[in-house]
$ cat query16.cif   # mmCIF, C-alpha atoms
data_model
#
loop_
_atom_site.group_PDB
_atom_site.id
_atom_site.type_symbol
_atom_site.label_atom_id
_atom_site.label_comp_id
_atom_site.auth_asym_id
_atom_site.auth_seq_id
_atom_site.Cartn_x
_atom_site.Cartn_y
_atom_site.Cartn_z
ATOM 1 C CA MET S 1 -8.326 18.904 -28.887
ATOM 2 C CA LYS S 2 -10.283 16.181 -27.116
ATOM 3 C CA VAL S 3 -13.960 16.352 -28.086
ATOM 4 C CA PHE S 4 -16.847 14.764 -26.181
ATOM 5 C CA VAL S 5 -19.483 13.739 -28.758
ATOM 6 C CA THR S 6 -23.032 12.635 -27.990
ATOM 7 C CA GLY S 7 -24.800 10.737 -30.755
ATOM 8 C CA ALA S 8 -21.347 9.613 -31.863
ATOM 9 C CA THR S 9 -22.556 6.369 -33.460
ATOM 10 C CA GLY S 10 -25.520 7.914 -35.293
ATOM 11 C CA PHE S 11 -25.847 8.721 -38.983
ATOM 12 C CA VAL S 12 -24.330 12.207 -38.688
ATOM 13 C CA GLY S 13 -22.292 11.413 -35.589
ATOM 14 C CA THR S 14 -20.193 8.702 -37.228
ATOM 15 C CA ALA S 15 -19.258 11.135 -39.992
ATOM 16 C CA VAL S 16 -18.388 13.846 -37.442
ATOM 17 C CA VAL S 17 -16.202 11.405 -35.481
ATOM 18 C CA GLN S 18 -14.282 10.444 -38.626
ATOM 19 C CA GLU S 19 -13.923 14.102 -39.627
ATOM 20 C CA LEU S 20 -12.514 15.018 -36.215
ATOM 21 C CA LEU S 21 -10.137 12.064 -36.068
ATOM 22 C CA GLY S 22 -8.965 12.764 -39.620
ATOM 23 C CA ALA S 23 -8.062 16.304 -38.580
ATOM 24 C CA GLY S 24 -5.980 15.113 -35.639
ATOM 25 C CA HIS S 25 -8.474 15.583 -32.806
ATOM 26 C CA GLU S 26 -9.258 12.997 -30.146
ATOM 27 C CA VAL S 27 -12.847 11.845 -29.683
ATOM 28 C CA LEU S 28 -14.576 10.737 -26.509
ATOM 29 C CA GLY S 29 -17.813 9.241 -27.802
ATOM 30 C CA LEU S 30 -20.890 8.640 -25.674
ATOM 31 C CA ALA S 31 -21.822 4.937 -25.801
ATOM 32 C CA ARG S 32 -24.865 3.363 -24.173
ATOM 33 C CA SER S 33 -24.069 -0.218 -25.202
ATOM 34 C CA GLU S 34 -21.165 -2.575 -25.834
ATOM 35 C CA GLU S 35 -22.058 -2.517 -29.530
ATOM 36 C CA SER S 36 -21.793 1.280 -29.676
ATOM 37 C CA ALA S 37 -18.536 1.226 -27.707
ATOM 38 C CA LYS S 38 -17.076 -1.328 -30.123
ATOM 39 C CA LYS S 39 -17.982 0.867 -33.117
ATOM 40 C CA LEU S 40 -16.271 3.855 -31.544
ATOM 41 C CA ILE S 41 -13.129 1.940 -30.618
ATOM 42 C CA GLU S 42 -12.894 0.425 -34.105
ATOM 43 C CA ALA S 43 -13.195 3.933 -35.560
ATOM 44 C CA GLY S 44 -10.255 5.086 -33.459
ATOM 45 C CA ALA S 45 -12.213 6.960 -30.793
ATOM 46 C CA GLU S 46 -12.480 6.423 -27.058
ATOM 47 C CA ALA S 47 -15.797 5.098 -25.749
ATOM 48 C CA TYR S 48 -17.440 6.770 -22.782
ATOM 49 C CA TYR S 49 -20.306 4.786 -21.260
ATOM 50 C CA GLY S 50 -23.520 6.638 -20.482
ATOM 51 C CA ASP S 51 -26.701 7.842 -22.136
ATOM 52 C CA LEU S 52 -28.803 10.946 -22.596
ATOM 53 C CA THR S 53 -30.836 10.291 -19.441
ATOM 54 C CA ASP S 54 -27.754 9.981 -17.214
ATOM 55 C CA PHE S 55 -26.992 13.635 -16.589
ATOM 56 C CA GLU S 56 -24.052 12.964 -14.272
ATOM 57 C CA SER S 57 -22.297 10.932 -16.972
ATOM 58 C CA LEU S 58 -22.873 13.777 -19.423
ATOM 59 C CA LYS S 59 -21.346 16.272 -17.010
ATOM 60 C CA SER S 60 -18.325 14.028 -16.414
ATOM 61 C CA GLY S 61 -17.827 13.526 -20.135
ATOM 62 C CA ALA S 62 -17.925 17.271 -20.755
ATOM 63 C CA LYS S 63 -15.429 17.926 -17.950
ATOM 64 C CA ALA S 64 -13.061 15.300 -19.367
ATOM 65 C CA ALA S 65 -12.885 16.982 -22.774
ATOM 66 C CA ASP S 66 -11.744 20.261 -24.327
ATOM 67 C CA ALA S 67 -14.988 20.726 -26.290
ATOM 68 C CA VAL S 68 -18.444 19.188 -26.684
ATOM 69 C CA ILE S 69 -20.504 18.379 -29.768
ATOM 70 C CA HIS S 70 -24.078 17.441 -28.909
ATOM 71 C CA LEU S 71 -25.626 15.367 -31.698
ATOM 72 C CA GLY S 72 -27.653 12.897 -29.669
ATOM 73 C CA PHE S 73 -31.454 12.987 -29.833
ATOM 74 C CA VAL S 74 -34.022 10.286 -29.096
ATOM 75 C CA HIS S 75 -36.057 9.920 -32.309
ATOM 76 C CA ASP S 76 -39.276 8.750 -30.673
ATOM 77 C CA PHE S 77 -41.906 10.675 -32.633
ATOM 78 C CA GLY S 78 -44.674 9.162 -30.506
ATOM 79 C CA ARG S 79 -43.209 11.114 -27.573
ATOM 80 C CA PHE S 80 -41.710 13.959 -29.560
ATOM 81 C CA GLN S 81 -42.489 16.781 -27.121
ATOM 82 C CA GLU S 82 -41.112 14.738 -24.240
ATOM 83 C CA MET S 83 -37.914 14.046 -26.189
ATOM 84 C CA CYS S 84 -37.538 17.762 -26.952
ATOM 85 C CA GLU S 85 -37.817 18.503 -23.246
ATOM 86 C CA LEU S 86 -35.203 15.817 -22.588
ATOM 87 C CA ASP S 87 -32.892 17.513 -25.075
ATOM 88 C CA LYS S 88 -33.274 20.756 -23.116
ATOM 89 C CA GLU S 89 -32.296 18.961 -19.915
ATOM 90 C CA VAL S 90 -29.311 17.343 -21.625
ATOM 91 C CA ILE S 91 -28.103 20.756 -22.799
ATOM 92 C CA ASN S 92 -28.599 22.174 -19.310
ATOM 93 C CA ALA S 93 -26.592 19.338 -17.735
ATOM 94 C CA ILE S 94 -23.679 19.687 -20.139
ATOM 95 C CA GLY S 95 -23.816 23.466 -19.815
ATOM 96 C CA ASP S 96 -23.565 23.219 -16.032
ATOM 97 C CA ALA S 97 -20.276 21.375 -16.462
ATOM 98 C CA LEU S 98 -18.927 24.058 -18.808
ATOM 99 C CA VAL S 99 -19.775 27.176 -16.804
ATOM 100 C CA GLY S 100 -16.614 29.147 -16.094
ATOM 101 C CA THR S 101 -14.719 27.595 -18.987
ATOM 102 C CA GLU S 102 -14.369 28.694 -22.591
ATOM 103 C CA LYS S 103 -14.762 25.174 -23.943
ATOM 104 C CA PRO S 104 -16.706 25.237 -27.238
ATOM 105 C CA PHE S 105 -20.159 23.629 -26.981
ATOM 106 C CA LEU S 106 -21.826 22.898 -30.322
ATOM 107 C CA ILE S 107 -25.542 22.147 -30.090
ATOM 108 C CA THR S 108 -27.601 20.614 -32.892
ATOM 109 C CA SER S 109 -30.903 22.104 -34.044
ATOM 110 C CA GLY S 110 -32.683 22.372 -37.416
ATOM 111 C CA THR S 111 -33.588 24.972 -40.005
ATOM 112 C CA ALA S 112 -37.119 23.521 -40.244
ATOM 113 C CA LEU S 113 -38.021 25.235 -36.966
ATOM 114 C CA PHE S 114 -38.140 28.522 -38.819
ATOM 115 C CA SER S 115 -40.313 27.608 -41.796
ATOM 116 C CA LYS S 116 -41.824 30.871 -43.042
ATOM 117 C CA ASP S 117 -42.499 32.996 -46.078
ATOM 118 C CA GLY S 118 -39.185 33.907 -47.637
ATOM 119 C CA ILE S 119 -35.829 32.401 -46.758
ATOM 120 C CA THR S 120 -34.595 31.356 -43.322
ATOM 121 C CA THR S 121 -31.187 32.727 -42.324
ATOM 122 C CA GLU S 122 -28.755 32.296 -39.453
ATOM 123 C CA HIS S 123 -30.159 35.474 -37.902
ATOM 124 C CA ASP S 124 -33.661 34.034 -37.403
ATOM 125 C CA ARG S 125 -34.619 33.515 -33.760
ATOM 126 C CA SER S 126 -37.972 32.898 -32.085
ATOM 127 C CA VAL S 127 -38.153 32.057 -28.386
ATOM 128 C CA ASN S 128 -41.960 31.806 -28.510
ATOM 129 C CA HIS S 129 -42.134 29.462 -31.491
ATOM 130 C CA PRO S 130 -44.857 26.802 -31.012
ATOM 131 C CA HIS S 131 -42.797 23.873 -32.358
ATOM 132 C CA PRO S 132 -41.586 21.622 -29.473
ATOM 133 C CA ARG S 133 -38.048 21.439 -30.912
ATOM 134 C CA ILE S 134 -37.582 25.151 -30.190
ATOM 135 C CA ALA S 135 -36.734 23.979 -26.654
ATOM 136 C CA THR S 136 -33.259 23.165 -27.988
ATOM 137 C CA GLU S 137 -32.655 26.682 -29.291
ATOM 138 C CA ASN S 138 -34.003 28.251 -26.111
ATOM 139 C CA ALA S 139 -31.809 25.989 -23.980
ATOM 140 C CA ALA S 140 -28.796 27.077 -26.030
ATOM 141 C CA ASP S 141 -29.604 30.729 -25.347
ATOM 142 C CA ASP S 142 -29.996 29.948 -21.641
ATOM 143 C CA GLN S 143 -26.449 28.594 -21.652
ATOM 144 C CA VAL S 144 -25.154 31.701 -23.416
ATOM 145 C CA ALA S 145 -26.761 33.766 -20.656
ATOM 146 C CA LYS S 146 -24.705 31.717 -18.164
ATOM 147 C CA GLY S 147 -21.532 32.525 -20.103
ATOM 148 C CA VAL S 148 -21.121 29.133 -21.762
ATOM 149 C CA ASN S 149 -19.327 29.204 -25.116
ATOM 150 C CA VAL S 150 -22.236 27.914 -27.237
ATOM 151 C CA ALA S 151 -22.904 27.808 -30.968
ATOM 152 C CA VAL S 152 -25.885 26.128 -32.637
ATOM 153 C CA ILE S 153 -25.657 24.147 -35.861
ATOM 154 C CA ARG S 154 -28.980 23.896 -37.646
ATOM 155 C CA LEU S 155 -29.146 20.826 -39.845
ATOM 156 C CA SER S 156 -31.213 20.753 -43.034
ATOM 157 C CA PRO S 157 -34.430 18.693 -42.933
ATOM 158 C CA SER S 158 -32.691 16.244 -45.243
ATOM 159 C CA VAL S 159 -29.212 15.156 -44.202
ATOM 160 C CA HIS S 160 -28.589 12.509 -46.836
ATOM 161 C CA GLY S 161 -26.073 9.929 -47.964
ATOM 162 C CA GLU S 162 -25.089 6.288 -47.608
ATOM 163 C CA GLY S 163 -26.488 4.749 -44.433
ATOM 164 C CA ASP S 164 -29.481 7.103 -44.095
ATOM 165 C CA LYS S 165 -32.190 4.932 -42.512
ATOM 166 C CA ILE S 166 -34.328 7.209 -40.318
ATOM 167 C CA GLY S 167 -34.133 10.562 -42.103
ATOM 168 C CA PHE S 168 -36.863 12.302 -44.088
ATOM 169 C CA VAL S 169 -35.959 10.659 -47.404
ATOM 170 C CA PRO S 170 -36.109 7.008 -46.240
ATOM 171 C CA LEU S 171 -39.367 7.785 -44.429
ATOM 172 C CA PHE S 172 -40.766 9.314 -47.635
ATOM 173 C CA ILE S 173 -39.692 6.185 -49.537
ATOM 174 C CA LYS S 174 -41.098 3.849 -46.869
ATOM 175 C CA ILE S 175 -44.529 5.505 -47.047
ATOM 176 C CA ALA S 176 -44.482 5.352 -50.860
ATOM 177 C CA LYS S 177 -43.685 1.625 -50.754
ATOM 178 C CA GLU S 178 -46.436 0.949 -48.212
ATOM 179 C CA LYS S 179 -49.086 2.985 -50.052
ATOM 180 C CA GLY S 180 -48.096 2.008 -53.575
ATOM 181 C CA VAL S 181 -47.948 5.652 -54.701
ATOM 182 C CA SER S 182 -45.452 8.471 -54.350
ATOM 183 C CA ALA S 183 -47.402 11.476 -53.116
ATOM 184 C CA ILE S 184 -47.097 15.234 -53.001
ATOM 185 C CA ILE S 185 -49.457 17.697 -51.339
ATOM 186 C CA GLY S 186 -51.047 20.081 -53.806
ATOM 187 C CA ASP S 187 -48.556 21.095 -56.494
ATOM 188 C CA GLY S 188 -45.560 19.836 -54.501
ATOM 189 C CA ASN S 189 -43.749 23.139 -54.907
ATOM 190 C CA ASN S 190 -42.728 23.289 -51.239
ATOM 191 C CA HIS S 191 -39.023 22.953 -50.485
ATOM 192 C CA TRP S 192 -36.637 20.951 -48.316
ATOM 193 C CA PRO S 193 -33.100 22.245 -47.819
ATOM 194 C CA ALA S 194 -30.519 19.470 -47.935
ATOM 195 C CA VAL S 195 -26.932 18.663 -47.024
ATOM 196 C CA HIS S 196 -24.771 15.577 -47.473
ATOM 197 C CA ARG S 197 -23.716 14.027 -44.152
ATOM 198 C CA LEU S 198 -20.011 14.404 -44.999
ATOM 199 C CA ASP S 199 -20.409 18.102 -45.763
ATOM 200 C CA ALA S 200 -22.324 18.516 -42.485
ATOM 201 C CA ALA S 201 -19.528 16.735 -40.627
ATOM 202 C CA LYS S 202 -16.943 19.133 -42.019
ATOM 203 C CA LEU S 203 -19.062 22.074 -40.892
ATOM 204 C CA TYR S 204 -19.019 20.775 -37.298
ATOM 205 C CA ARG S 205 -15.234 20.519 -37.385
ATOM 206 C CA LEU S 206 -14.771 23.983 -38.855
ATOM 207 C CA ALA S 207 -17.155 25.482 -36.291
ATOM 208 C CA LEU S 208 -15.224 23.762 -33.513
ATOM 209 C CA GLU S 209 -11.843 24.967 -34.694
ATOM 210 C CA LYS S 210 -12.689 28.606 -35.342
ATOM 211 C CA PRO S 211 -13.573 30.992 -32.489
ATOM 212 C CA PHE S 212 -17.179 32.159 -32.594
ATOM 213 C CA GLU S 213 -19.356 34.682 -30.851
ATOM 214 C CA LYS S 214 -21.408 33.016 -28.141
ATOM 215 C CA GLY S 215 -24.868 32.182 -29.432
ATOM 216 C CA THR S 216 -23.829 32.032 -33.086
ATOM 217 C CA ARG S 217 -26.044 30.008 -35.437
ATOM 218 C CA TYR S 218 -24.616 28.069 -38.356
ATOM 219 C CA HIS S 219 -26.652 26.516 -41.168
ATOM 220 C CA ALA S 220 -25.681 23.091 -42.523
ATOM 221 C CA VAL S 221 -27.392 23.841 -45.832
ATOM 222 C CA ALA S 222 -25.780 22.806 -49.109
ATOM 223 C CA GLU S 223 -28.956 23.283 -51.181
ATOM 224 C CA GLU S 224 -31.352 26.067 -50.200
ATOM 225 C CA GLY S 225 -34.406 24.087 -51.226
ATOM 226 C CA ILE S 226 -35.379 21.155 -53.425
ATOM 227 C CA GLN S 227 -38.993 20.974 -54.575
ATOM 228 C CA LEU S 228 -40.757 18.003 -52.989
ATOM 229 C CA LYS S 229 -42.268 17.266 -56.388
ATOM 230 C CA LYS S 230 -38.775 16.481 -57.712
ATOM 231 C CA VAL S 231 -38.064 14.182 -54.772
ATOM 232 C CA ALA S 232 -41.420 12.411 -55.114
ATOM 233 C CA THR S 233 -41.001 12.072 -58.882
ATOM 234 C CA GLU S 234 -37.618 10.389 -58.496
ATOM 235 C CA ILE S 235 -39.061 8.022 -55.898
ATOM 236 C CA ALA S 236 -41.988 7.165 -58.187
ATOM 237 C CA GLU S 237 -39.631 6.391 -61.060
ATOM 238 C CA ARG S 238 -37.284 4.278 -58.960
ATOM 239 C CA LEU S 239 -40.133 2.278 -57.384
ATOM 240 C CA ASN S 240 -42.133 2.157 -60.626
ATOM 241 C CA ILE S 241 -45.262 3.491 -58.926
ATOM 242 C CA PRO S 242 -47.591 6.423 -59.761
ATOM 243 C CA LEU S 243 -46.964 9.989 -58.672
ATOM 244 C CA VAL S 244 -50.143 11.453 -57.158
ATOM 245 C CA SER S 245 -51.235 14.815 -55.773
ATOM 246 C CA LEU S 246 -53.223 14.860 -52.523
ATOM 247 C CA ASN S 247 -55.372 17.538 -50.937
ATOM 248 C CA SER S 248 -54.906 18.395 -47.247
ATOM 249 C CA HIS S 249 -57.482 15.870 -46.018
ATOM 250 C CA GLU S 250 -56.047 13.061 -48.143
ATOM 251 C CA ALA S 251 -52.528 13.949 -47.015
ATOM 252 C CA GLU S 252 -53.393 13.455 -43.329
ATOM 253 C CA SER S 253 -54.591 9.936 -44.082
ATOM 254 C CA HIS S 254 -51.667 9.126 -46.375
ATOM 255 C CA PHE S 255 -48.755 10.572 -44.383
ATOM 256 C CA SER S 256 -50.138 10.482 -40.802
ATOM 257 C CA TRP S 257 -47.643 12.161 -38.422
ATOM 258 C CA PHE S 258 -45.270 12.802 -41.352
ATOM 259 C CA THR S 259 -47.757 15.250 -42.948
ATOM 260 C CA HIS S 260 -46.070 18.240 -41.301
ATOM 261 C CA PHE S 261 -42.776 17.353 -42.965
ATOM 262 C CA ALA S 262 -44.335 16.431 -46.308
ATOM 263 C CA LYS S 263 -45.795 19.927 -46.606
ATOM 264 C CA LEU S 264 -42.809 21.710 -45.049
ATOM 265 C CA ASP S 265 -41.630 24.742 -47.026
ATOM 266 C CA ASN S 266 -38.260 25.720 -45.595
ATOM 267 C CA LEU S 267 -36.056 27.614 -48.036
ATOM 268 C CA SER S 268 -32.892 28.266 -46.028
ATOM 269 C CA SER S 269 -29.654 30.113 -46.634
ATOM 270 C CA SER S 270 -26.114 29.284 -45.492
ATOM 271 C CA ILE S 271 -24.425 32.382 -46.889
ATOM 272 C CA GLN S 272 -23.296 33.648 -43.487
ATOM 273 C CA THR S 273 -22.075 30.196 -42.452
ATOM 274 C CA ARG S 274 -20.014 29.767 -45.607
ATOM 275 C CA LYS S 275 -18.502 33.205 -45.178
ATOM 276 C CA ALA S 276 -17.686 32.741 -41.501
ATOM 277 C CA LEU S 277 -16.194 29.253 -41.760
ATOM 278 C CA GLY S 278 -14.998 28.990 -45.350
ATOM 279 C CA TRP S 279 -17.350 26.027 -45.709
ATOM 280 C CA ASN S 280 -17.925 24.835 -49.263
ATOM 281 C CA PRO S 281 -20.047 21.684 -49.718
ATOM 282 C CA VAL S 282 -18.565 19.320 -52.296
ATOM 283 C CA HIS S 283 -20.452 16.039 -51.880
ATOM 284 C CA PRO S 284 -23.439 14.769 -53.943
ATOM 285 C CA THR S 285 -26.744 16.639 -53.968
ATOM 286 C CA LEU S 286 -29.952 15.105 -52.643
ATOM 287 C CA LEU S 287 -31.239 14.224 -56.115
ATOM 288 C CA GLU S 288 -27.859 12.743 -57.054
ATOM 289 C CA ASP S 289 -28.037 10.518 -53.974
ATOM 290 C CA LEU S 290 -31.611 9.530 -54.856
ATOM 291 C CA LYS S 291 -30.450 8.455 -58.313
ATOM 292 C CA ASP S 292 -27.753 6.341 -56.672
ATOM 293 C CA SER S 293 -28.636 2.898 -55.307
ATOM 294 C CA CYS S 294 -28.117 3.618 -51.608
ATOM 295 C CA TYR S 295 -31.728 4.609 -50.953
ATOM 296 C CA PHE S 296 -33.313 1.775 -52.914
ATOM 297 C CA SER S 297 -31.161 -1.257 -52.132
ATOM 298 C CA GLU S 298 -32.738 -4.250 -50.424
ATOM 299 C CA HIS S 299 -31.130 -3.546 -47.046
ATOM 300 C CA GLN S 300 -32.678 -0.055 -46.820
#
$ encode --input "query16.cif" --output "structure tokens"
Amino acid sequence: MKVFVTGATGFVGTAVVQELLGAGHEVLGLARSEESAKKLIEAGAEAYYGDLTDFESLKSGAKAADAVIHLGFVHDFGRFQEMCELDKEVINAIGDALVGTEKPFLITSGTALFSKDGITTEHDRSVNHPHPRIATENAADDQVAKGVNVAVIRLSPSVHGEGDKIGFVPLFIKIAKEKGVSAIIGDGNNHWPAVHRLDAAKLYRLALEKPFEKGTRYHAVAEEGIQLKKVATEIAERLNIPLVSLNSHEAESHFSWFTHFAKLDNLSSSIQTRKALGWNPVHPTLLEDLKDSCYFSEHQ
């Protein structure tokens, strides 16, 4: 099938494009620049000029394809709530173009929205959740109510692998380099789920190819939860800096806006996803990637 992909030149998007092309699908990738278009064409995809603020281009792209994968998101944490609202509008625009069709529409969210005591599963929903990113999940449900054939893929907080430059792990490393210490909050026994970008890409393809019930949630979770202490310890060893424990007040000063993620405890399951799609992650774990050179080379 021909798949319209937003975020097609991003860290996860490039892997999804290759996965789709490798399986014989065609890709129409959203490109906002000549550079992005060139990357898509070189990969074997077709470039479609537009951006996430041009709703008419998004509608046209969706109409020109047999399915849509929405991976694009503006990572401007200084305007995070505004960007979450933009994501809702993007989903609404694409959904408008898909009403009355059965074209699959895969929307990207995250397991971290549902941080709680116990383990987060694909059945967890919360329309009144205070986190701004819940706008994405609510927008997906609005499209289901309109009859659009929507499924949501929740990515792990850490989607890791070669080329990861703006994810949680490189941010954690960047702060450690700047501060001269690798820090945890309290005992560091909070958890991040994780998934390798290539395993996540395969999940998108499998979800696209297999019929699903409208509103289905899938979890791109290869590891249910890695203790932050283990991540911070590996970073300390690789950078040859101390590992320190911070209290809540110290953490706010050390991590700034990243404090929320540094203390995130988000054990998450993908049992239902694996069963439904036959998805079996095979690529390196987060700690294996941290021991590799890709996160500590000079160009990172």
$ atom_distance --input "query16.cif" --atom1 "atom CA of Val99 of chain S" --atom2 "atom CA of Asn149 of chain S"
8.6 Å
$ atom_distance --input "query16.cif" --atom1 "atom CA of Ser36 of chain S" --atom2 "atom CA of Val17 of chain S"
12.9 Å
$ closest_residue --input "query16.cif" --among "S:Leu206, S:Leu287, S:Leu243, S:Leu106" --to "Val169 of chain S" --atoms "only C-alpha atoms"
S:Leu287
$ closest_residue --input "query16.cif" --among "S:Tyr218, S:His254, S:Pro193, S:Leu264" --to "Glu178 of chain S" --atoms "all atoms listed in the file"
S:His254
$ axis_aligned_box --input "query16.cif" --around "segment 290-295 of chain S" --padding-each-side "4 Å" --output "lines of an AutoDock Vina configuration file"
center_x = -29.7
center_y = 6.2
center_z = -54.6
size_x = 12.0
size_y = 14.6
size_z = 15.4
$ closest_residue --input "query16.cif" --among "S:Val181, S:Val152, S:Ile175, S:Ala135" --to "Glu122 of chain S" --atoms "only C-alpha atoms"
S:Val152
$ atom_distance --input "query16.cif" --atom1 "atom CA of Met83 of chain S" --atom2 "atom CA of Tyr49 of chain S"
20.5 Å
$ closest_residue --input "query16.cif" --among "S:His123, S:His219, S:Arg133, S:Lys291" --to "Glu85 of chain S" --atoms "all atoms listed in the file"
S:Arg133
$ resolve_selection --input "query16.cif" --expression "the PyMOL selection byres ((chain S and resi 217) around 12)" --output "number ranges by chain"
S: 106-111, 120-125, 137, 140-141, 150-155, 203-204, 207, 212-216, 218-220, 269-274, 276-277
$ residues_around --input "query16.cif" --residues "Glu162 of chain S" --least-positions-apart "2" --cutoff "10 Å" --atoms "all atoms listed in the file" --output "ChimeraX atom specification"
/S:11,160,164-165,196-198,289,292-295,300
$ resolve_selection --input "query16.cif" --expression "the PyMOL selection byres ((chain S and resi 182) around 10)" --output "list in words"
Phe172, Ile173, Lys174, Ile175, Ala176, Lys177, Glu178, Lys179, Gly180, Val181, Ala183, Ile184, Lys229, Val231, Ala232, Thr233, Glu234, Ile235, Ala236, Glu237, Leu239, Asn240, Ile241, Pro242, Leu243, Val244 and Ser245 of chain S
